[in-house]
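Source file: data.cif (mmCIF, C-alpha atoms)
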```
data_data
loop_
_atom_site.label_atom_id
_atom_site.label_comp_id
_atom_site.auth_asym_id
_atom_site.auth_seq_id
_atom_site.Cartn_x
_atom_site.Cartn_y
_atom_site.Cartn_z
CA MET A 30 24.01 6.74 -6.74
CA ALA A 31 22.22 7.48 -10.00
CA GLY A 32 24.52 5.51 -12.33
CA ASN A 33 22.52 4.21 -15.27
CA ASP A 34 19.30 4.18 -13.28
CA LEU A 35 16.19 5.32 -15.09
CA LEU A 36 13.00 6.39 -13.39
CA GLY A 37 9.68 4.72 -14.09
CA SER A 38 6.81 6.78 -15.43
CA PHE A 39 5.15 7.26 -12.04
CA GLU A 40 8.47 8.09 -10.44
CA GLN A 41 8.95 10.78 -13.08
CA LEU A 42 5.50 12.20 -12.34
CA VAL A 43 6.28 12.31 -8.62
CA MET A 44 9.66 13.99 -9.19
CA LEU A 45 8.13 16.57 -11.53
CA ALA A 46 5.37 17.27 -8.98
CA LEU A 47 8.00 17.76 -6.26
CA LEU A 48 9.86 20.25 -8.45
CA GLN A 49 6.62 22.02 -9.30
CA LEU A 50 5.51 22.29 -5.65
CA GLY A 51 8.85 23.32 -4.16
CA ASP A 52 8.55 23.97 -0.42
CA ARG A 53 4.90 22.90 -0.36
CA ALA A 54 5.61 19.32 -1.43
CA TYR A 55 4.18 16.69 0.87
CA GLY A 56 2.05 13.58 0.30
CA MET A 57 -1.30 15.25 -0.18
CA THR A 58 -0.11 18.09 -2.41
CA VAL A 59 1.94 15.69 -4.55
CA ARG A 60 -1.07 13.41 -4.99
CA ARG A 61 -3.33 16.31 -5.94
CA GLU A 62 -0.78 17.83 -8.31
CA ILE A 63 -0.37 14.55 -10.22
CA GLU A 64 -4.12 14.01 -10.31
CA ARG A 65 -4.73 17.55 -11.54
CA ARG A 66 -2.06 17.45 -14.24
CA SER A 67 -2.47 13.87 -15.46
CA GLY A 68 -6.21 13.48 -14.95
CA ARG A 69 -5.74 10.00 -13.48
CA ASP A 70 -6.79 8.76 -10.07
CA VAL A 71 -3.80 8.42 -7.77
CA ALA A 72 -3.73 6.52 -4.48
CA LEU A 73 -1.97 8.26 -1.62
CA GLY A 74 -0.26 4.96 -0.77
CA ALA A 75 1.28 4.82 -4.24
CA VAL A 76 2.70 8.33 -3.74
CA TYR A 77 4.19 7.46 -0.35
CA ALA A 78 5.64 4.16 -1.54
CA THR A 79 7.26 5.95 -4.50
CA LEU A 80 8.58 8.79 -2.36
CA ASP A 81 10.05 6.28 0.09
CA ARG A 82 11.75 4.41 -2.76
CA LEU A 83 13.14 7.65 -4.22
CA GLU A 84 14.42 8.65 -0.80
CA GLU A 85 16.08 5.28 -0.34
CA LYS A 86 17.89 5.83 -3.66
CA GLY A 87 18.96 9.29 -2.50
CA TYR A 88 17.01 11.22 -5.12
CA VAL A 89 14.82 13.04 -2.61
CA ARG A 90 15.16 13.99 1.03
CA SER A 91 12.39 14.37 3.57
CA CYS A 92 11.92 16.34 6.74
CA SER A 93 9.11 16.43 9.24
CA GLY A 94 6.95 19.54 9.62
CA ASP A 95 4.27 20.64 12.02
CA GLY A 96 0.70 19.53 11.49
CA GLY A 97 -2.10 22.06 11.65
CA ALA A 98 -5.53 21.77 13.22
CA GLU A 99 -7.01 20.85 9.81
CA ARG A 100 -5.09 17.56 9.98
CA GLY A 101 -5.70 16.78 13.63
CA GLY A 102 -2.22 17.95 14.60
CA ARG A 103 -0.58 15.14 12.63
CA ALA A 104 2.83 15.95 11.22
CA ARG A 105 3.52 16.66 7.58
CA ARG A 106 6.48 15.10 5.82
CA PHE A 107 7.98 17.50 3.29
CA PHE A 108 10.07 16.24 0.38
CA ARG A 109 12.75 17.97 -1.64
CA VAL A 110 14.50 16.79 -4.80
CA GLN A 111 18.27 16.36 -4.52
CA ALA A 112 20.83 17.10 -7.22
CA SER A 113 21.18 13.39 -8.02
CA GLY A 114 17.41 13.26 -8.44
CA VAL A 115 17.43 16.09 -10.94
CA ARG A 116 20.20 14.32 -12.89
CA VAL A 117 18.38 10.99 -13.06
CA LEU A 118 15.11 12.73 -13.98
CA LYS A 119 16.78 14.61 -16.83
CA SER A 120 18.45 11.38 -17.97
CA SER A 121 15.15 9.48 -17.92
CA ILE A 122 13.32 12.15 -19.89
CA ALA A 123 16.20 12.47 -22.35
CA THR A 124 16.18 8.71 -22.91
CA LEU A 125 12.48 8.78 -23.70
CA ASP A 126 12.97 11.73 -26.06
CA SER A 127 15.84 9.94 -27.73
CA MET A 128 13.77 6.80 -28.26
CA ARG A 129 10.96 8.86 -29.69
CA ALA A 130 13.29 10.85 -31.96
CA ALA A 131 14.71 7.59 -33.31
CA LEU A 132 11.29 6.73 -34.65
CA PRO A 133 10.77 8.81 -37.78
CA GLY A 134 7.24 10.06 -38.19
CA PHE A 135 6.31 9.13 -34.63
CA GLU A 136 3.00 10.96 -34.73
CA GLY A 137 1.97 9.25 -37.96
CA ALA A 138 3.04 5.83 -36.68
CA ALA A 139 1.17 6.36 -33.43
CA ALA A 140 -1.96 7.47 -35.26
CA ARG A 141 -1.80 4.40 -37.54
CA ALA A 142 -1.34 2.10 -34.51
CA GLU A 143 -4.32 3.65 -32.80
CA ALA A 144 -6.54 3.31 -35.89
CA MET B 20 -12.86 15.84 10.47
CA LYS B 21 -11.82 12.73 12.40
CA LEU B 22 -11.14 9.25 11.13
CA THR B 23 -13.50 6.57 12.41
CA ARG B 24 -12.20 3.61 14.40
CA ALA B 25 -12.78 1.34 11.40
CA GLU B 26 -10.77 3.67 9.14
CA GLN B 27 -7.96 3.90 11.67
CA GLY B 28 -7.92 0.10 11.98
CA LEU B 29 -7.80 -0.31 8.21
CA ILE B 30 -4.96 2.19 7.95
CA ALA B 31 -3.06 0.48 10.78
CA LEU B 32 -3.40 -2.79 8.92
CA VAL B 33 -2.34 -1.46 5.52
CA VAL B 34 0.09 1.43 6.02
CA PRO B 35 3.55 0.89 7.54
CA ALA B 36 4.23 2.67 10.81
CA SER B 37 7.13 4.62 9.25
CA PHE B 38 4.77 7.04 7.49
CA ARG B 39 1.39 6.21 9.01
CA GLU B 40 1.02 9.48 10.90
CA GLU B 41 1.74 11.62 7.86
CA PHE B 42 -0.49 9.40 5.72
CA CYS B 43 -3.40 9.85 8.19
CA GLY B 44 -2.78 13.59 8.37
CA ASP B 45 -2.87 13.90 4.59
CA LEU B 46 -6.09 11.91 4.39
CA ILE B 47 -7.75 14.01 7.09
CA GLU B 48 -6.64 17.25 5.43
CA GLU B 49 -7.83 16.31 1.97
CA ALA B 50 -11.06 14.70 3.20
CA SER B 51 -11.79 17.91 5.10
CA HIS B 52 -11.45 19.80 1.82
CA HIS B 53 -13.90 17.38 0.17
CA TRP B 54 -16.32 17.79 3.06
CA ARG B 55 -16.07 21.59 2.91
CA ASP B 56 -16.52 21.67 -0.89
CA ASP B 57 -19.34 19.12 -1.15
CA GLY B 58 -20.94 19.45 2.28
CA ASP B 59 -21.21 15.67 2.44
CA GLN B 60 -19.36 14.10 5.35
CA ARG B 61 -20.29 10.55 4.34
CA ALA B 62 -18.82 11.09 0.89
CA ALA B 63 -15.62 12.35 2.54
CA HIS B 64 -15.39 9.19 4.63
CA ARG B 65 -16.09 7.07 1.53
CA TRP B 66 -13.23 8.88 -0.19
CA VAL B 67 -10.92 8.06 2.75
CA ARG B 68 -11.82 4.36 2.64
CA GLY B 69 -11.41 4.34 -1.14
CA GLN B 70 -7.95 5.85 -0.82
CA VAL B 71 -6.85 3.25 1.74
CA ILE B 72 -8.19 0.35 -0.32
CA ALA B 73 -6.62 1.74 -3.51
CA SER B 74 -3.32 1.93 -1.61
CA ILE B 75 -3.26 -1.80 -0.80
CA PRO B 76 -1.37 -2.94 -3.96
CA SER B 77 1.34 -0.28 -3.47
CA MET B 78 1.67 -1.10 0.21
CA LEU B 79 1.93 -4.82 -0.58
CA ARG B 80 4.79 -4.18 -2.99
CA PHE B 81 6.37 -1.80 -0.48
CA ARG B 82 6.27 -4.42 2.29
CA VAL B 83 7.72 -7.12 0.07
CA HIS B 84 10.59 -4.90 -1.11
CA ARG B 85 11.36 -3.29 2.22
CA GLY B 86 10.32 -5.94 4.67
CA GLY B 87 13.41 -8.14 4.43
CA PRO B 88 13.40 -11.88 5.20
CA ARG B 89 10.45 -11.68 7.55
CA ALA B 90 8.21 -10.19 4.89
CA ARG B 91 9.36 -12.77 2.37
CA TRP B 92 8.42 -15.62 4.72
CA ARG B 93 5.05 -14.07 5.40
CA TRP B 94 4.45 -13.38 1.71
CA TRP B 95 5.16 -16.99 0.82
CA ALA B 96 3.00 -18.26 3.68
CA SER B 97 0.12 -16.08 2.51
CA ALA B 98 0.43 -17.25 -1.09
CA VAL B 99 0.60 -20.93 -0.08
CA GLY B 100 -2.17 -20.41 2.48
CA LEU B 101 -4.39 -18.78 -0.12
CA ALA B 102 -3.84 -21.68 -2.54
CA LEU B 103 -4.50 -24.22 0.24
CA GLY B 104 -7.62 -22.41 1.39
CA VAL B 105 -9.05 -22.12 -2.12
CA GLY B 106 -8.25 -25.77 -2.82
CA GLN B 107 -9.81 -26.94 0.43
CA ALA B 108 -12.90 -24.77 -0.09
CA LEU B 109 -13.40 -26.09 -3.63
CA ASP B 110 -12.81 -29.64 -2.43
CA SER B 111 -15.48 -29.25 0.23
CA GLY B 112 -18.03 -28.47 -2.49
CA VAL B 113 -18.74 -24.87 -1.52
CA LEU B 114 -19.46 -24.00 -5.15
CA GLY B 115 -22.59 -26.13 -4.90
CA SER B 116 -23.80 -24.19 -1.88
CA THR B 117 -25.55 -20.84 -1.52
CA PRO B 118 -23.97 -17.46 -2.42
CA VAL B 119 -23.93 -16.54 1.28
CA ALA B 120 -21.88 -19.62 2.19
CA MET B 121 -19.54 -18.93 -0.73
CA ALA B 122 -19.13 -15.28 0.29
CA LEU B 123 -18.37 -16.23 3.90
CA THR B 124 -15.78 -18.76 2.74
CA VAL B 125 -14.12 -16.26 0.40
CA LEU B 126 -14.07 -13.66 3.18
CA ALA B 127 -12.50 -16.16 5.60
CA VAL B 128 -9.76 -17.29 3.23
CA VAL B 129 -8.94 -13.85 1.81
CA SER B 130 -8.91 -12.08 5.19
CA LEU B 131 -6.57 -14.71 6.56
CA ALA B 132 -4.26 -14.34 3.56
CA LEU B 133 -4.24 -10.53 3.92
CA ALA B 134 -3.62 -10.78 7.66
CA GLY B 135 -0.65 -13.03 6.89
CA VAL B 136 0.98 -10.12 5.05
CA PHE B 137 -0.38 -7.10 6.88
CA ALA B 138 -0.85 -8.13 10.53
CA THR B 139 1.32 -5.96 12.73
CA SER B 140 1.38 -8.37 15.68
CA ALA B 141 0.91 -12.06 16.36
CA ARG B 142 -2.18 -11.13 18.38
CA VAL B 143 -3.84 -9.57 15.31
CA LEU B 144 -2.92 -12.65 13.30
CA VAL B 145 -4.47 -15.02 15.85
CA ALA B 146 -7.59 -12.84 16.11
CA THR B 147 -8.02 -12.90 12.32
CA TRP B 148 -7.42 -16.64 12.30
CA THR B 149 -10.14 -17.13 14.94
CA ALA B 150 -12.54 -14.89 13.02
CA ALA B 151 -11.82 -16.81 9.78
CA MET B 152 -12.51 -20.14 11.49
CA ALA B 153 -15.75 -18.72 12.90
CA LEU B 154 -16.77 -17.57 9.41
CA THR B 155 -16.26 -21.07 8.01
CA VAL B 156 -18.34 -22.51 10.86
CA VAL B 157 -21.14 -20.04 10.04
CA ALA B 158 -20.80 -20.95 6.34
CA ARG B 159 -21.28 -24.62 7.26
CA VAL B 160 -24.31 -23.80 9.39
CA VAL B 161 -26.07 -21.66 6.77
CA SER B 162 -25.24 -23.98 3.89
CA PRO B 163 -28.11 -26.27 2.85
CA VAL B 164 -25.60 -28.84 1.57
CA PRO B 165 -23.11 -30.43 4.01
CA LEU B 166 -19.61 -28.95 3.85
CA PRO B 167 -17.72 -31.21 6.25
CA GLU B 168 -14.25 -30.41 4.99
CA LEU B 169 -14.72 -26.64 5.11
CA GLY B 170 -14.17 -26.69 8.86
CA ILE B 171 -10.50 -27.52 8.42
CA ALA B 172 -9.88 -25.02 5.59
CA CYS B 173 -8.48 -22.28 7.81
CA GLY B 174 -6.79 -24.36 10.51
CA PRO B 175 -3.61 -25.35 8.65
CA ILE B 176 -3.38 -21.90 7.05
CA GLY B 177 -3.31 -20.21 10.45
CA ILE B 178 -0.63 -22.58 11.67
CA LEU B 179 1.35 -21.84 8.50
CA HIS B 180 1.09 -18.09 9.16
CA LEU B 181 2.19 -18.42 12.76
CA PHE B 182 5.11 -20.59 11.68
CA ALA B 183 6.09 -17.99 9.05
CA TRP B 184 5.78 -15.23 11.63
CA ARG B 185 8.01 -17.00 14.11
CA TYR B 186 10.55 -18.24 11.58
CA GLY B 187 10.57 -14.90 9.81
CA SER B 188 11.39 -13.16 13.10
CA ARG B 189 14.34 -15.50 13.61
CA ALA B 190 15.50 -14.94 10.04
CA ARG B 191 15.33 -11.19 10.66
CA GLU B 192 17.47 -11.52 13.76
CA ARG B 193 20.04 -13.60 11.87
CA SER B 194 20.05 -11.37 8.81
CA SER B 195 22.33 -8.39 8.77
CA GLU B 196 22.11 -7.66 5.06
CA PRO B 197 22.58 -3.95 4.41
CA GLY B 198 19.67 -2.20 2.75
CA GLU B 199 17.21 -4.81 3.96
CA PRO B 200 15.81 -3.53 7.21
CA SER B 201 13.16 -5.74 8.76
CA THR B 202 11.00 -2.70 9.24
CA PRO B 203 11.04 0.39 7.06
CA PRO B 204 13.34 3.09 8.40
CA ALA B 205 11.78 5.94 10.28
CA ALA B 206 11.34 9.27 8.55
CA SER B 207 14.38 11.45 8.79
#
```
How does this structure look as structure tokens?
Amino acid sequence: MAGNDLLGSFEQLVMLALLQLGDRAYGMTVRREIERRSGRDVALGAVYATLDRLEEKGYVRSCSGDGGAERGGRARRFFRVQASGVRVLKSSIATLDSMRAALPGFEGAAARAEA
Amino acid sequence: MKLTRAEQGLIALVVPASFREEFCGDLIEEASHHWRDDGDQRAAHRWVRGQVIASIPSMLRFRVHRGGPRARWRWWASAVGLALGVGQALDSGVLGSTPVAMALTVLAVVSLALAGVFATSARVLVATWTAAMALTVVARVVSPVPLPELGIACGPIGILHLFAWRYGSRARERSSEPGEPSTPPAAS
């Protein structure tokens, strides 16, 4: 399934959040984890759309869980990263690292571009 | 904390049924945390509405990618309808009218375009169409300058949406392309 597929930046954030959260990974916790780590505002809809796309590609799998009183009894949908998801995530990060390594003096170049 | 009727309606319009329940549950859970931390229920409800509105672009892309032929027809109808509505409104001279008349016209045209993509039933589409036509009538009434052509701005757009709805449904029935379900698959 993975092939030469590379994940987009938000897809990478979602996958990393899923790995970080483990068994506690569902829409709300993923959204909060990304917001906490990246410092950017994240819409819950963006998280769900991304999770649905990743599931369609076979990189994550979901299962329904019970909802508590604090959510009006509405079900939770837990997500778990699959082996193919880990592979494509590693490949995406490695590609980015490789591109960055190919640019000698990346930090200096970046600082000059920002100036 | 409970979602208001308006919030539930907005969510029903924006979020696909395949993960609407979980989406609502997540919003309620996190908004309850906000309410508990800040002690401000209104702020929690504002946060919920902000989340739903911020989710619109993602949900639009989701519907286009996952909706299959029906969504494509509706997407095209909305884009053409929006262009027609804007053109007709400009042609009627609404820019020379009052801000209230302009706002009503914008609301009518944009709500109809959004309903073209998001409406979950033909009934919702027709209701939005009726409301949009009523808004243009009010805009004509409150406008100090005559806007005779504004009255027909939403008529053809509504017909276009209904045509796209009907034709899109037929296209969905004919289509058996794998990986292009007409509605997103249910959660496993």
- Query: Restricting the calculation to only C-alpha atoms, which member of A:Ala75, A:Arg60, A:Leu45, A:Ser38 is positioned closest to chain B?
  - Reply: A:Ala75
Within 7 Å of chain A, which residues of chain B show up when using only C-alpha atoms, listed as a PDB file with C-alpha atoms, in the coordinates of the input?
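Output below, filename out13.pdb:
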```
ATOM      1  CA  GLU B  40       1.020   9.480  10.900  1.00  0.00           C
ATOM      2  CA  GLU B  41       1.740  11.620   7.860  1.00  0.00           C
ATOM      3  CA  GLY B  44      -2.780  13.590   8.370  1.00  0.00           C
ATOM      4  CA  ASP B  45      -2.870  13.900   4.590  1.00  0.00           C
ATOM      5  CA  ILE B  47      -7.750  14.010   7.090  1.00  0.00           C
ATOM      6  CA  GLU B  48      -6.640  17.250   5.430  1.00  0.00           C
ATOM      7  CA  GLU B  49      -7.830  16.310   1.970  1.00  0.00           C
ATOM      8  CA  GLN B  70      -7.950   5.850  -0.820  1.00  0.00           C
ATOM      9  CA  ALA B  73      -6.620   1.740  -3.510  1.00  0.00           C
ATOM     10  CA  SER B  74      -3.320   1.930  -1.610  1.00  0.00           C
ATOM     11  CA  SER B  77       1.340  -0.280  -3.470  1.00  0.00           C
ATOM     12  CA  MET B  78       1.670  -1.100   0.210  1.00  0.00           C
ATOM     13  CA  PHE B  81       6.370  -1.800  -0.480  1.00  0.00           C
ATOM     14  CA  SER B 207      14.380  11.450   8.790  1.00  0.00           C
TER      15      SER B 207
END
```
- Message: Taking (17.6, 13.9, -11.9) in the coordinates of the supplied file, I want to know which residues reach to within 10 Å of it, counting only C-alpha atoms; could you give the answer as a list in words?
- Response: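 Residues with an atom at most 10 Å from (17.6, 13.9, -11.9): Ala31, Asp34, Leu35, Leu36, Gln41, Met44, Leu45, Tyr88, Val89, Val110, Gln111, Ala112, Ser113, Gly114, Val115, Arg116, Val117, Leu118, Lys119, Ser120, Ser121 and Ile122 of chain A.
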- Item | Residues near range 172-187 of chain B, cut-off 8 Å, only C-alpha atoms, skip fewer than 4 positions along chain, as a list in words |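 The residues satisfying every condition are Pro88, Arg89, Ala90, Arg91, Trp92, Arg93, Ala96, Ser97, Gly100, Leu101, Leu103, Gly104, Gln107, Ala108, Ala127, Val128, Leu131, Gly135, Ala141, Leu144, Val145, Trp148, Ala151, Met152, Thr155, Glu168 and Arg191 of chain B.
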Same residues, C-alpha atoms, output as a tab-separated table (two decimals), keeping the file's coordinate frame:
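Printed below is selection-v5.tsv as written:
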```tsv
chain	number	residue	atom	x	y	z
B	88	PRO	CA	13.40	-11.88	5.20
B	89	ARG	CA	10.45	-11.68	7.55
B	90	ALA	CA	8.21	-10.19	4.89
B	91	ARG	CA	9.36	-12.77	2.37
B	92	TRP	CA	8.42	-15.62	4.72
B	93	ARG	CA	5.05	-14.07	5.40
B	96	ALA	CA	3.00	-18.26	3.68
B	97	SER	CA	0.12	-16.08	2.51
B	100	GLY	CA	-2.17	-20.41	2.48
B	101	LEU	CA	-4.39	-18.78	-0.12
B	103	LEU	CA	-4.50	-24.22	0.24
B	104	GLY	CA	-7.62	-22.41	1.39
B	107	GLN	CA	-9.81	-26.94	0.43
B	108	ALA	CA	-12.90	-24.77	-0.09
B	127	ALA	CA	-12.50	-16.16	5.60
B	128	VAL	CA	-9.76	-17.29	3.23
B	131	LEU	CA	-6.57	-14.71	6.56
B	135	GLY	CA	-0.65	-13.03	6.89
B	141	ALA	CA	0.91	-12.06	16.36
B	144	LEU	CA	-2.92	-12.65	13.30
B	145	VAL	CA	-4.47	-15.02	15.85
B	148	TRP	CA	-7.42	-16.64	12.30
B	151	ALA	CA	-11.82	-16.81	9.78
B	152	MET	CA	-12.51	-20.14	11.49
B	155	THR	CA	-16.26	-21.07	8.01
B	168	GLU	CA	-14.25	-30.41	4.99
B	191	ARG	CA	15.33	-11.19	10.66
```
- Message: Once the PyMOL selection byres ((chain B and resi 24-30) around 8) is applied to the coordinates I shared, what remains selected? I want it as a ChimeraX atom specification.
- Response: /B:22-23,31-34,39,43,67-68,71
Generate a file of the selected residues that holds C-alpha atoms, formatted as a short mmCIF file (atom, residue, chain, number, x, y, z; two decimals), in the coordinates of the input.
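What ended up in result.cif:
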```
data_model
loop_
_atom_site.label_atom_id
_atom_site.label_comp_id
_atom_site.auth_asym_id
_atom_site.auth_seq_id
_atom_site.Cartn_x
_atom_site.Cartn_y
_atom_site.Cartn_z
CA LEU B 22 -11.14 9.25 11.13
CA THR B 23 -13.50 6.57 12.41
CA ALA B 31 -3.06 0.48 10.78
CA LEU B 32 -3.40 -2.79 8.92
CA VAL B 33 -2.34 -1.46 5.52
CA VAL B 34 0.09 1.43 6.02
CA ARG B 39 1.39 6.21 9.01
CA CYS B 43 -3.40 9.85 8.19
CA VAL B 67 -10.92 8.06 2.75
CA ARG B 68 -11.82 4.36 2.64
CA VAL B 71 -6.85 3.25 1.74
#
```
- Item | Interatomic distance, CA of Met20 in chain B to CA of Glu64 in chain A (Å, one decimal) |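 If I compute the distance from CA of Met20 in chain B to CA of Glu64 in chain A, I get 22.6 Å.
Between CA of Leu42 in chain A and CA of Phe42 in chain B the separation is 19.2 Å.
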- Name all residues at most 10 Å from Asp52 in chain A (count only C-alpha atoms; drop same-chain ones fewer than 3 positions away) and give them as a list of chain:residue names. A:Leu47, A:Leu48, A:Gln49, A:Tyr55, A:Phe107, A:Phe108, A:Arg109
- Calculate how many Å separate CA of Val125 in chain B from CA of Pro35 in chain B, rounding to one decimal.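 We find that CA of Val125 in chain B and CA of Pro35 in chain B lie 25.6 Å from each other.
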- From the set A:Ala144, A:Lys86, A:Ala138, A:Phe39, which residue has the shortest atom-to-atom contact distance to Ile63 in chain A, counting only C-alpha atoms?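 The closest residue to Ile63 in chain A is A:Phe39.
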Supply range 98-115 of chain A as a PDB file, in the frame of the given file, with N, CA and C atoms built in where the input has gaps.
```
ATOM      1  N   ALA A  98      -4.280  22.275  12.644  1.00  0.00           N
ATOM      2  CA  ALA A  98      -5.530  21.770  13.220  1.00  0.00           C
ATOM      3  C   ALA A  98      -6.350  21.035  12.162  1.00  0.00           C
ATOM      4  N   GLU A  99      -6.201  21.466  10.871  1.00  0.00           N
ATOM      5  CA  GLU A  99      -7.010  20.850   9.810  1.00  0.00           C
ATOM      6  C   GLU A  99      -6.613  19.404   9.551  1.00  0.00           C
ATOM      7  N   ARG A 100      -5.487  18.968  10.147  1.00  0.00           N
ATOM      8  CA  ARG A 100      -5.090  17.560   9.980  1.00  0.00           C
ATOM      9  C   ARG A 100      -4.955  16.898  11.349  1.00  0.00           C
ATOM     10  N   GLY A 101      -5.682  17.393  12.308  1.00  0.00           N
ATOM     11  CA  GLY A 101      -5.700  16.780  13.630  1.00  0.00           C
ATOM     12  C   GLY A 101      -4.350  16.825  14.316  1.00  0.00           C
ATOM     13  N   GLY A 102      -3.531  17.795  13.967  1.00  0.00           N
ATOM     14  CA  GLY A 102      -2.220  17.950  14.600  1.00  0.00           C
ATOM     15  C   GLY A 102      -1.182  16.946  14.123  1.00  0.00           C
ATOM     16  N   ARG A 103      -1.536  16.157  13.115  1.00  0.00           N
ATOM     17  CA  ARG A 103      -0.580  15.140  12.630  1.00  0.00           C
ATOM     18  C   ARG A 103       0.476  15.791  11.752  1.00  0.00           C
ATOM     19  N   ALA A 104       1.686  15.327  11.894  1.00  0.00           N
ATOM     20  CA  ALA A 104       2.830  15.950  11.220  1.00  0.00           C
ATOM     21  C   ALA A 104       2.731  15.824   9.698  1.00  0.00           C
ATOM     22  N   ARG A 105       3.338  16.765   9.027  1.00  0.00           N
ATOM     23  CA  ARG A 105       3.520  16.660   7.580  1.00  0.00           C
ATOM     24  C   ARG A 105       4.946  16.176   7.324  1.00  0.00           C
ATOM     25  N   ARG A 106       5.134  15.505   6.196  1.00  0.00           N
ATOM     26  CA  ARG A 106       6.480  15.100   5.820  1.00  0.00           C
ATOM     27  C   ARG A 106       6.790  15.747   4.473  1.00  0.00           C
ATOM     28  N   PHE A 107       7.649  16.749   4.501  1.00  0.00           N
ATOM     29  CA  PHE A 107       7.980  17.500   3.290  1.00  0.00           C
ATOM     30  C   PHE A 107       9.122  16.817   2.539  1.00  0.00           C
ATOM     31  N   PHE A 108       9.049  16.878   1.215  1.00  0.00           N
ATOM     32  CA  PHE A 108      10.070  16.240   0.380  1.00  0.00           C
ATOM     33  C   PHE A 108      10.713  17.277  -0.525  1.00  0.00           C
ATOM     34  N   ARG A 109      12.002  17.055  -0.764  1.00  0.00           N
ATOM     35  CA  ARG A 109      12.750  17.970  -1.640  1.00  0.00           C
ATOM     36  C   ARG A 109      13.650  17.145  -2.555  1.00  0.00           C
ATOM     37  N   VAL A 110      13.670  17.516  -3.826  1.00  0.00           N
ATOM     38  CA  VAL A 110      14.500  16.790  -4.800  1.00  0.00           C
ATOM     39  C   VAL A 110      15.963  17.148  -4.602  1.00  0.00           C
ATOM     40  N   GLN A 111      16.820  16.141  -4.639  1.00  0.00           N
ATOM     41  CA  GLN A 111      18.270  16.360  -4.520  1.00  0.00           C
ATOM     42  C   GLN A 111      18.903  16.489  -5.910  1.00  0.00           C
ATOM     43  N   ALA A 112      20.138  16.912  -5.938  1.00  0.00           N
ATOM     44  CA  ALA A 112      20.830  17.100  -7.220  1.00  0.00           C
ATOM     45  C   ALA A 112      20.875  15.799  -8.011  1.00  0.00           C
ATOM     46  N   SER A 113      21.140  14.679  -7.320  1.00  0.00           N
ATOM     47  CA  SER A 113      21.180  13.390  -8.020  1.00  0.00           C
ATOM     48  C   SER A 113      19.812  13.048  -8.603  1.00  0.00           C
ATOM     49  N   GLY A 114      18.756  13.488  -7.935  1.00  0.00           N
ATOM     50  CA  GLY A 114      17.410  13.260  -8.440  1.00  0.00           C
ATOM     51  C   GLY A 114      17.135  14.042  -9.706  1.00  0.00           C
ATOM     52  N   VAL A 115      17.606  15.271  -9.737  1.00  0.00           N
ATOM     53  CA  VAL A 115      17.430  16.090 -10.940  1.00  0.00           C
ATOM     54  C   VAL A 115      18.183  15.450 -12.108  1.00  0.00           C
TER      55      VAL A 115
END
```
